[in-house]
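Trainee: The following block contains the structure, expressed as structure tokens.
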Amino acid sequence: MAKTADRARDVLGDREHALRLLRLMVLVRRFEERAEEQYTRARIGGYCHLAIGEEAANVGSIDCLGADDYLFVSYRDHAAALAVGSSPAAVMAELFGKETGVARGYGGSMHLLDVDRHFLGGWGIVGGHLPIAVGAALALDYQDAPGAVLCQFGDGATNTGAFHEALNLAAIWGLPIVFQVINNLYGMGTSVDQASAEPELHKRACAYRMHGERVDGNDVLAVREAAGRLLARAREESEPALLETTTYRYRGHSVADAGKVYRTADEVDSWRERDPITRFVAVLQEHDLLDDEALDEMRKQVSDEVSEAIREAAAAPAPGPDELYDNVYGDEHWREQFDAMDTAAPFGEREETRSWLR
């Protein structure tokens, strides 16, 4: 508890840092609200999973990452991209499938990344990125390189085989990785209590003789303290850990899910009373680091920034169809090989048929 208090004082003793954390959380919230709006306007195709209500769990842990660390997350990845420093305009453009997106329009909502900032996705298969994150941790260990891996995933991923395989290997090999379960209490429409024989998910770490702990995922300072401590241990002692951050998503599993069938309005309201942004604002005001005027100005700036991101994304060009297979094939002559198939493609089929009939 003393270390937790010390780390909280570190943030609260640095007004600029504290306000940066709040601004990131406010940015994530506003970005997600506007992304939901853009989805309903058919500007975002495919799936779209929002992190409204989970801001502290994302921002608190990612704030602890250093220049040598790596980040892997699940398909609910907008908050992670913003938290590592990707520009809102580039993230929104990726959601729109535009060339100026963080993945040049190839990935979309579920496959964001920012290689320069060591953010390696954005993975669409539940639990599928955990072994890949372990591979990155193995590479760091093998090369005796500095840094650690933070791997975020939802509660539903803890019931996949990849979860157990990843934790087992990380423990056996002593790899520098922290597994963060962002437990929002539901895997799609099924509660953790219904799906997991042990609903306190951090306890699963003991099966691999790995450290596990649970913190309040709606308390950004608590998340930051735990993640910072465990990442430091991973870097310095090559000790993996399982961190469970309990939080709640106010929206459904995806934008297509209203989220009202499997949970009550009272339940949602009870979690809104523990809103991570409202709680952190209260802490900052209690320590005289923020007043209402400054908060209003911050919200306005963030709202304007997201609005500008939408305008830029809407105006950006879409990727060219001829780039569809770029970065897929290793053979440098693949284009010539594919030229022979053009006549059988939908755009050349009729012309070829006509020439044959003649």
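Chain lettering (A, B, ...) mirrors the order of the structure tokens, residue numbering begins at 1 for each chain separately, and ligand numbering begins at 1 in order of display.
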Determine, using only C-alpha atoms, which residues of region 18-87 of chain A have any atom at most 10 Å from an atom of region 283-299 of chain A, and tabulate each with its shortest atom pair and distance in Å to one decimal place, rows ordered by chain and then rising number, as JSON lines.
Mentor:
```
{"residue": "A:Ala18", "atom": "CA", "partner": "A:Leu284", "partner_atom": "CA", "distance": 7.8}
{"residue": "A:Leu19", "atom": "CA", "partner": "A:Leu289", "partner_atom": "CA", "distance": 8.0}
{"residue": "A:Leu22", "atom": "CA", "partner": "A:Leu284", "partner_atom": "CA", "distance": 9.1}
{"residue": "A:Arg23", "atom": "CA", "partner": "A:Met298", "partner_atom": "CA", "distance": 6.9}
{"residue": "A:Val26", "atom": "CA", "partner": "A:Arg299", "partner_atom": "CA", "distance": 7.0}
{"residue": "A:Leu27", "atom": "CA", "partner": "A:Arg299", "partner_atom": "CA", "distance": 8.2}
{"residue": "A:Arg30", "atom": "CA", "partner": "A:Arg299", "partner_atom": "CA", "distance": 8.6}
```
Trainee: Tell me which protein, DNA and RNA residues are within 12 Å of Ala162 (chain A), counting only C-alpha atoms, leaving out same-chain ones fewer than 4 positions away, and put them as a list in words.
Mentor: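 Listing them by chain and then by number gives Ile125, Val126, Gly127, Gly128, His129, Leu130, Pro131, Ile132, Ala133, Val134, Phe153, Gly156, Ala157, Thr158, Ala166, Leu167, Asn168, Leu169 and Ala170 of chain A.
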Trainee: I need the helix (DSSP H, G or I) residues of region 112-352 of chain A per DSSP on the backbone, written as JSON, numbers by chain.
Mentor: {"A": [115, 116, 117, 130, 131, 132, 133, 134, 135, 136, 137, 138, 139, 140, 141, 142, 155, 156, 157, 158, 159, 161, 162, 163, 164, 165, 166, 167, 168, 169, 170, 171, 172, 173, 192, 193, 194, 195, 201, 202, 203, 204, 205, 206, 207, 208, 220, 221, 222, 223, 224, 225, 226, 227, 228, 229, 230, 231, 232, 233, 234, 235, 236, 237, 265, 266, 267, 268, 269, 270, 271, 272, 276, 277, 278, 279, 280, 281, 282, 283, 284, 285, 286, 292, 293, 294, 295, 296, 297, 298, 299, 300, 301, 302, 303, 304, 305, 306, 307, 308, 309, 310, 311, 312, 313, 314, 315, 321, 322, 323, 334, 335, 336, 337, 338, 339, 342, 343, 344, 349, 350, 351, 352]}
Trainee: Restricting the calculation to only C-alpha atoms: of A:Glu273, A:Glu239, A:Glu332, A:Asp257, which residue gets closest to Glu36 (chain A)?
Mentor: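 Nearest to Glu36 (chain A): A:Asp257.
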Trainee: Could you list, as a PyMOL selection string, every residue within 8 Å of Phe96 (chain A), counting only C-alpha atoms and ignoring same-chain residues fewer than 6 positions away?
Mentor: chain A and resi 43-45+105+108+313-314
Trainee: Those same residues - C-alpha atoms - I'd like them written as a tab-separated table (two decimals), in the first residue's frame.
Mentor:
```tsv
chain	number	residue	atom	x	y	z
A	43	ARG	CA	-18.44	5.74	-42.70
A	44	ILE	CA	-16.89	2.83	-40.78
A	45	GLY	CA	-17.21	-0.63	-42.29
A	105	GLY	CA	-6.47	1.57	-44.70
A	108	GLY	CA	-9.59	-1.03	-40.12
A	313	ALA	CA	-10.42	11.24	-42.44
A	314	ALA	CA	-13.49	11.94	-44.55
```
Trainee: Per DSSP on the backbone, what are the strand (DSSP E or B) residues of region 31-172 of chain A, as a compact mmCIF listing (two decimals) with C-alpha atoms, in the first residue's frame?
Mentor:
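And here's selection-v1.txt as it stands now:
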```txt
# COMPACT_ATOMS: atom_id res chain seq x y z
CA TYR A 70 6.19 -3.38 -26.85
CA LEU A 71 2.40 -3.42 -26.79
CA PHE A 72 -0.07 -5.99 -28.12
CA VAL A 73 -3.83 -5.64 -27.66
CA ASP A 114 1.96 1.97 -34.82
CA PHE A 119 2.44 -0.89 -30.87
CA LEU A 120 2.09 -4.15 -32.82
CA GLY A 121 -1.72 -4.52 -33.05
CA GLY A 122 -4.79 -4.76 -32.87
CA VAL A 149 5.98 -6.61 -23.42
CA LEU A 150 2.54 -5.51 -22.27
CA CYS A 151 -0.19 -7.77 -23.67
CA GLN A 152 -3.78 -6.63 -23.16
CA PHE A 153 -6.81 -8.84 -23.78
CA GLY A 154 -10.38 -9.27 -22.62
```
Trainee: Neighbouring residues of Asp322 (chain A) were defined as those with any atom within 12 Å, considering only C-alpha atoms; residues of the same chain fewer than 4 positions away were excluded. Please report them as a PyMOL selection string.
Mentor: chain A and resi 318+326+335+338-339+342
Trainee: To one decimal in Å, tell me the separation between CA of Asp331 (chain A) and CA of Arg117 (chain A).
Mentor: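 Calculated distance between CA of Asp331 (chain A) and CA of Arg117 (chain A) is 28.4 Å.
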Trainee: For CA of Leu140 (chain A) and CA of His78 (chain A), determine how far apart the two atoms are, in Å to one decimal place.
Mentor: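 Straight-line distance from CA of Leu140 (chain A) to CA of His78 (chain A) works out to 26.0 Å.
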Trainee: Go through A:Cys48, A:Ile310, A:Val28, A:Ala57 one by one, measure the shortest atom-to-atom distance of each to Glu225 (chain A) using only C-alpha atoms, and give the residue with the smallest value.
Mentor: A:Ala57
Trainee: Of the candidates A:Leu12, A:Leu24, A:Ala282, A:Ile62, which shows the shortest atom-to-atom distance to Ser87 (chain A), using only C-alpha atoms?
Mentor: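 Closest candidate: A:Leu24.
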Trainee: Hey, which of A:Tyr39, A:Gly187, A:Met25, A:Lys203 ends up closest to Thr160 (chain A)? Count only C-alpha atoms.
Mentor: A:Gly187
Trainee: Pick from A:His118, A:His253, A:Arg15, A:Arg214: nearest to Ala51 (chain A), with only C-alpha atoms counted?
Mentor: A:His253
Trainee: Got a sec: who's within 8 Å of Pro176 (chain A), counting only C-alpha atoms, leaving out chain neighbours fewer than 2 positions off, as a PyMOL selection string?
Mentor: chain A and resi 137-138+140-141+147-149+170+174+178+231+234-235+237-240
